[in-house]
There are 2 protein chains.
Amino acid sequence: MKIDSVDFFYVSMPEVLDIGDGSQDALLVRVRAGDHEGWGECEASPLVSIAAHVAPMSHSACKPVGASVLGQAIDSVSDIDRIGNLVRANSLDLLQADHTLSGIDIALFDLLGRKQGEPVYKLLGYKKQFAKQPYASVLFGNTPQETLAKAKSARSNGFLAGKFGWGPYGRGTVKDDADHVAAAREGLGSDGIVLVDAGTVFDDDVKKASLRLVALKQHRVTWFEEPFVSGALSEYHALARMSGDVKLAGGEGCHNYHMAEQMIDHANIGFVQIDTGRIGGISVAKKVADYAVHNDVKYVNHTFTSNLALSASLQPFAGVEDSRICEYPTELKALAKELTNERIVPDGNGQIRVSDAPGLGVSVNLATVRKYLVDAEIKVAGKVLYRTPKV
Amino acid sequence: MKIDSVDFFYVSMPEVLDIGDGSQDALLVRVRAGDHEGWGECEASPLVSIAAHVAPMSHSACKPVGASVLGQAIDSVSDIDRIGNLVRANSLDLLQADHTLSGIDIALFDLLGRKQGEPVYKLLGYKKQFAKQPYASVLFGNTPQETLAKAKSARSNGFLAGKFGWGPYGRGTVKDDADHVAAAREGLGSDGIVLVDAGTVFDDDVKKASLRLVALKQHRVTWFEEPFVSGALSEYHALARMSGDVKLAGGEGCHNYHMAEQMIDHANIGFVQIDTGRIGGISVAKKVADYAVHNDVKYVNHTFTSNLALSASLQPFAGVEDSRICEYPTELKALAKELTNERIVPDGNGQIRVSDAPGLGVSVNLATVRKYLVDAEIKVAGKVLYRTPKV
């Protein structure tokens, strides 16, 4: 069968706040081929990723993403790989293309899984899945007291692990940051798994980041995430040499396989964090998971949006027994919460698994899409290249 | 003074062909502050880079580029650095932002240079500039005979150096490729500088690329450019170990400082090729030039568009005596050729220099902009976020 249509739906909360909460908008992709349909989600900046799908060609290596997808045959996983390679070659100079491709790749896996009656992780070659230990992913409070309350709340909601990120961290004194980390440890309890996300706040300043290590070690933090921007490999490496039992984590900014490979090869990270909605989709994420396993680095999903994105992010390492921890957003905005009809929730032991239903195992709530749908239109030389489609 | 306006002009040839010629469209940026004005150019996909400037905020690290630029103070080079850092932080999750920023950064340098009556390379701290050896940058012919004719024509037009790229290279047999390289050498003459650009055609296949080395060595090719995609560091490194006197060149795909740093650190390249219109502008390109000098790697501009882009690409290494070779596009489409009132042309010795006039030393031909201007409009939730401005 051939890909008949690729439709993008830009949804957003009525008001988007200037906070580090990625669940305030979303870009959904619906792919149809023959009688089959699949859904995916791209991470970040819906309008720009739509533009990358429809933009006029600039030259042979700067074509819109859609040109390499529409009309392509889609009968097996190898077709998804082939389409991804086509997009990467034909849109080599179109930077945003990887983000756009990500949602399409996810939708193609959903479509193929539904057609074949298999969950996506089986299409990827995993015989079985292993339960993951979800961590509650929350923003640091504005004060240590707020962070303490958030940590306590996470624990009382059944989360043994909690990740605290962004907000004031790295923006005040070393002592301020230490107080926040102490609060997180106190709130989660002495057996809790405390994770800290610096949100690239130190850019590439090893000295500044290293000053935080004392508190991170003292409070037995499992990983210190994104002290630096993704590309700062030698800075990661230098910090890792000082961080002892606190492992570095990073990789969410990677938008292709090679960037993740480089972090594993040269940044000395203990955990590689991949956003399936950015790196080029499930195909590329699985390739990173394989490489991580091979190099004794733990794979972790990066997910701060809907349960559709969560399912897509869990599939690539669902069958990796040794990569146990997974990100699990707990402060989702209504839009992201209501976006799927099914939800992935912790079991009695606080563990999560993806559904064994075909495809991604979650379906999109069309009423939610209609409710939050943003009207957008892109016109070039009098021709409408994009207009928000009917749901 | 403060940045009052940032305007984008999308220009295009009436017909864009499916060939590796990046001069078929362009995205110009005009920045105004007080009584001053500067112009810049972003490389690739005008519509998508415009969208990145105006897209609605998704969250605190996914803001449109414009939000970090408009209203900012601009009085010195350090302000340009500060604005670049702001964009990188506030648009961390907006992949296309680096391309959009590039044109703005260039325009800010032009503006500041004009205001201070200095050429941009002096603003960058260079006391003087050194003449560069331009290479004619042409696409391989469809047949070795065509390549031979192109090489002869380049030499008879005064170019000692020629780069042949894309087209059939790497898509046929090893023998086909060898014939093209032999033709290039024959056409340029035995004292000519022959450069070969594979245009990432081997993706990350070291074996395939290595089969081409015999002919490249035999015909004394100075560099073998982009055998692989930018991120394939270990593949570059492996090939470099076999390439002998033929040095590897790459880096045009880098969209931030760290990517270029990684190529220098881990890919074992002899030449780092930077497109000022992609990497984040003149500020970032200069930082790469400094790092290249420090690591005994030659810096080369990547330019396949107008003389505005060419000037912007030459400034960052104008004062580096040891990086002598520069890219000089010779097959520009009318749009790119007519875009500037002044042109950078080889002197009697076949060498080129940037103008010593203030700013970039080239001015935009507004009649050309009007002639090739593309009407575009982006509307979100009933609000026009972009409409092609008046020239």
# chains A, B, ... in the order shown; residues from 1 in each chain; ligands from 1
>>> residues_around(residues="Ser243 of chain B", least_positions_apart="3", cutoff="10 Å", atoms="only C-alpha atoms", output="PyMOL selection string")
chain B and resi 210+212-214+216-217+223-224+238-240+246-248
>>> interface_residues(of="chain B", to="chain A", cutoff="6 Å", atoms="only C-alpha atoms", output="PyMOL selection string")
chain B and resi 18-22+45+47-48+51-52+55+58-60+95-96+231-232+258+374-381
>>> residues_around(residues="Ile80 of chain A", least_positions_apart="6", cutoff="7 Å", atoms="only C-alpha atoms", output="list in words")
Ile74, Asp105 and Leu108 of chain A
>>> select_by_dssp(residues="segment 195-276 of chain A", states="strand (DSSP E or B)", output="list in words")
Leu195, Val196, Asp197, Val221, Thr222, Trp223, Phe224, Glu225, Lys247, Leu248, Ala249, Gly250, Phe271, Val272, Gln273 and Ile274 of chain A
>>> atom_distance(atom1="atom CA of Ser102 of chain B", atom2="atom CA of Tyr126 of chain B")
20.9 Å
>>> closest_residue(among="B:Leu28, B:Ile344, B:Val138, B:Ala198", to="Leu332 of chain B", atoms="only C-alpha atoms")
B:Val138
>>> residues_around(residues="Asn301 of chain A", least_positions_apart="6", cutoff="6 Å", atoms="only C-alpha atoms", output="tab-separated table (two decimals) with N, CA, C and O atoms, in the first residue's frame")
chain	number	residue	atom	x	y	z
A	273	GLN	N	19.38	9.97	26.94
A	273	GLN	CA	17.95	10.28	26.99
A	273	GLN	C	17.48	10.71	25.62
A	273	GLN	O	17.91	11.74	25.09
A	274	ILE	N	16.56	9.95	25.06
A	274	ILE	CA	16.15	10.19	23.68
A	274	ILE	C	14.68	10.56	23.60
A	274	ILE	O	13.82	9.89	24.15
A	313	SER	N	7.76	6.77	22.94
A	313	SER	CA	9.09	6.90	23.54
A	313	SER	C	9.51	5.65	24.30
A	313	SER	O	10.71	5.42	24.50
A	326	CYS	N	12.33	5.05	33.55
A	326	CYS	CA	11.72	5.77	32.44
A	326	CYS	C	11.08	7.07	32.92
A	326	CYS	O	10.65	7.18	34.06
A	327	GLU	N	11.09	8.03	32.02
A	327	GLU	CA	10.46	9.31	32.36
A	327	GLU	C	8.95	9.17	32.25
A	327	GLU	O	8.42	8.54	31.33
>>> atom_distance(atom1="atom CA of Asp205 of chain B", atom2="atom CA of Phe228 of chain B")
7.6 Å
>>> residues_around(residues="Asp191 of chain B", least_positions_apart="3", cutoff="12 Å", atoms="only C-alpha atoms", output="list in words")
Arg155, Phe159, Leu160, Ala161, Gly162, Arg185, Glu186, Gly187, Leu188, Val194, His219, Arg220, Val221 and Thr222 of chain B
>>> select_by_dssp(residues="segment 24-215 of chain A", states="alpha helix (DSSP H)", output="PyMOL selection string")
chain A and resi 46-54+77-90+97-116+120-123+144-156+174-188+206-210+213-215
>>> closest_residue(among="A:Asn90, A:Gln315, A:Ser190, A:Gln129", to="Gly359 of chain A", atoms="only C-alpha atoms")
A:Gln315
>>> atom_distance(atom1="atom CA of Arg241 of chain B", atom2="atom CA of Leu211 of chain B")
13.6 Å
>>> residues_around(residues="Leu112 of chain B", least_positions_apart="2", cutoff="8 Å", atoms="only C-alpha atoms", output="list in words")
Gly38, Asp75, Ser76, Val77, Leu108, Phe109, Asp110, Arg114, Lys115, Gln116 and Gly359 of chain B
>>> write_last_selection(atoms="N, CA and C atoms", output="PDB file, in the first residue's frame")
ATOM      1  N   GLY B  38      21.244  47.139   8.615  1.00  0.00           N
ATOM      2  CA  GLY B  38      22.199  46.131   8.173  1.00  0.00           C
ATOM      3  C   GLY B  38      21.445  45.000   7.492  1.00  0.00           C
ATOM      4  N   ASP B  75      24.933  47.903  20.603  1.00  0.00           N
ATOM      5  CA  ASP B  75      25.945  48.970  20.562  1.00  0.00           C
ATOM      6  C   ASP B  75      27.348  48.452  20.312  1.00  0.00           C
ATOM      7  N   SER B  76      27.532  47.140  20.472  1.00  0.00           N
ATOM      8  CA  SER B  76      28.885  46.593  20.309  1.00  0.00           C
ATOM      9  C   SER B  76      28.803  45.126  19.930  1.00  0.00           C
ATOM     10  N   VAL B  77      29.967  44.565  19.552  1.00  0.00           N
ATOM     11  CA  VAL B  77      30.026  43.152  19.182  1.00  0.00           C
ATOM     12  C   VAL B  77      29.552  42.266  20.335  1.00  0.00           C
ATOM     13  N   LEU B 108      23.375  42.166  11.918  1.00  0.00           N
ATOM     14  CA  LEU B 108      23.820  42.994  13.047  1.00  0.00           C
ATOM     15  C   LEU B 108      25.280  43.413  12.876  1.00  0.00           C
ATOM     16  N   PHE B 109      26.110  42.518  12.371  1.00  0.00           N
ATOM     17  CA  PHE B 109      27.504  42.881  12.100  1.00  0.00           C
ATOM     18  C   PHE B 109      27.580  43.950  11.006  1.00  0.00           C
ATOM     19  N   ASP B 110      26.755  43.772   9.965  1.00  0.00           N
ATOM     20  CA  ASP B 110      26.754  44.761   8.882  1.00  0.00           C
ATOM     21  C   ASP B 110      26.346  46.134   9.431  1.00  0.00           C
ATOM     22  N   ARG B 114      28.796  49.407   9.624  1.00  0.00           N
ATOM     23  CA  ARG B 114      28.421  50.648   8.933  1.00  0.00           C
ATOM     24  C   ARG B 114      28.391  51.816   9.914  1.00  0.00           C
ATOM     25  N   LYS B 115      27.842  51.559  11.083  1.00  0.00           N
ATOM     26  CA  LYS B 115      27.757  52.621  12.085  1.00  0.00           C
ATOM     27  C   LYS B 115      29.148  53.073  12.524  1.00  0.00           C
ATOM     28  N   GLN B 116      30.047  52.129  12.698  1.00  0.00           N
ATOM     29  CA  GLN B 116      31.380  52.456  13.207  1.00  0.00           C
ATOM     30  C   GLN B 116      32.387  52.736  12.087  1.00  0.00           C
ATOM     31  N   GLY B 359      31.037  47.717   7.249  1.00  0.00           N
ATOM     32  CA  GLY B 359      30.098  46.593   7.298  1.00  0.00           C
ATOM     33  C   GLY B 359      30.575  45.470   6.415  1.00  0.00           C
TER      34      GLY B 359
END
>>> closest_residue(among="A:Leu111, A:Val300, A:Asp7, A:Glu331", to="Phe140 of chain A", atoms="only C-alpha atoms")
A:Glu331
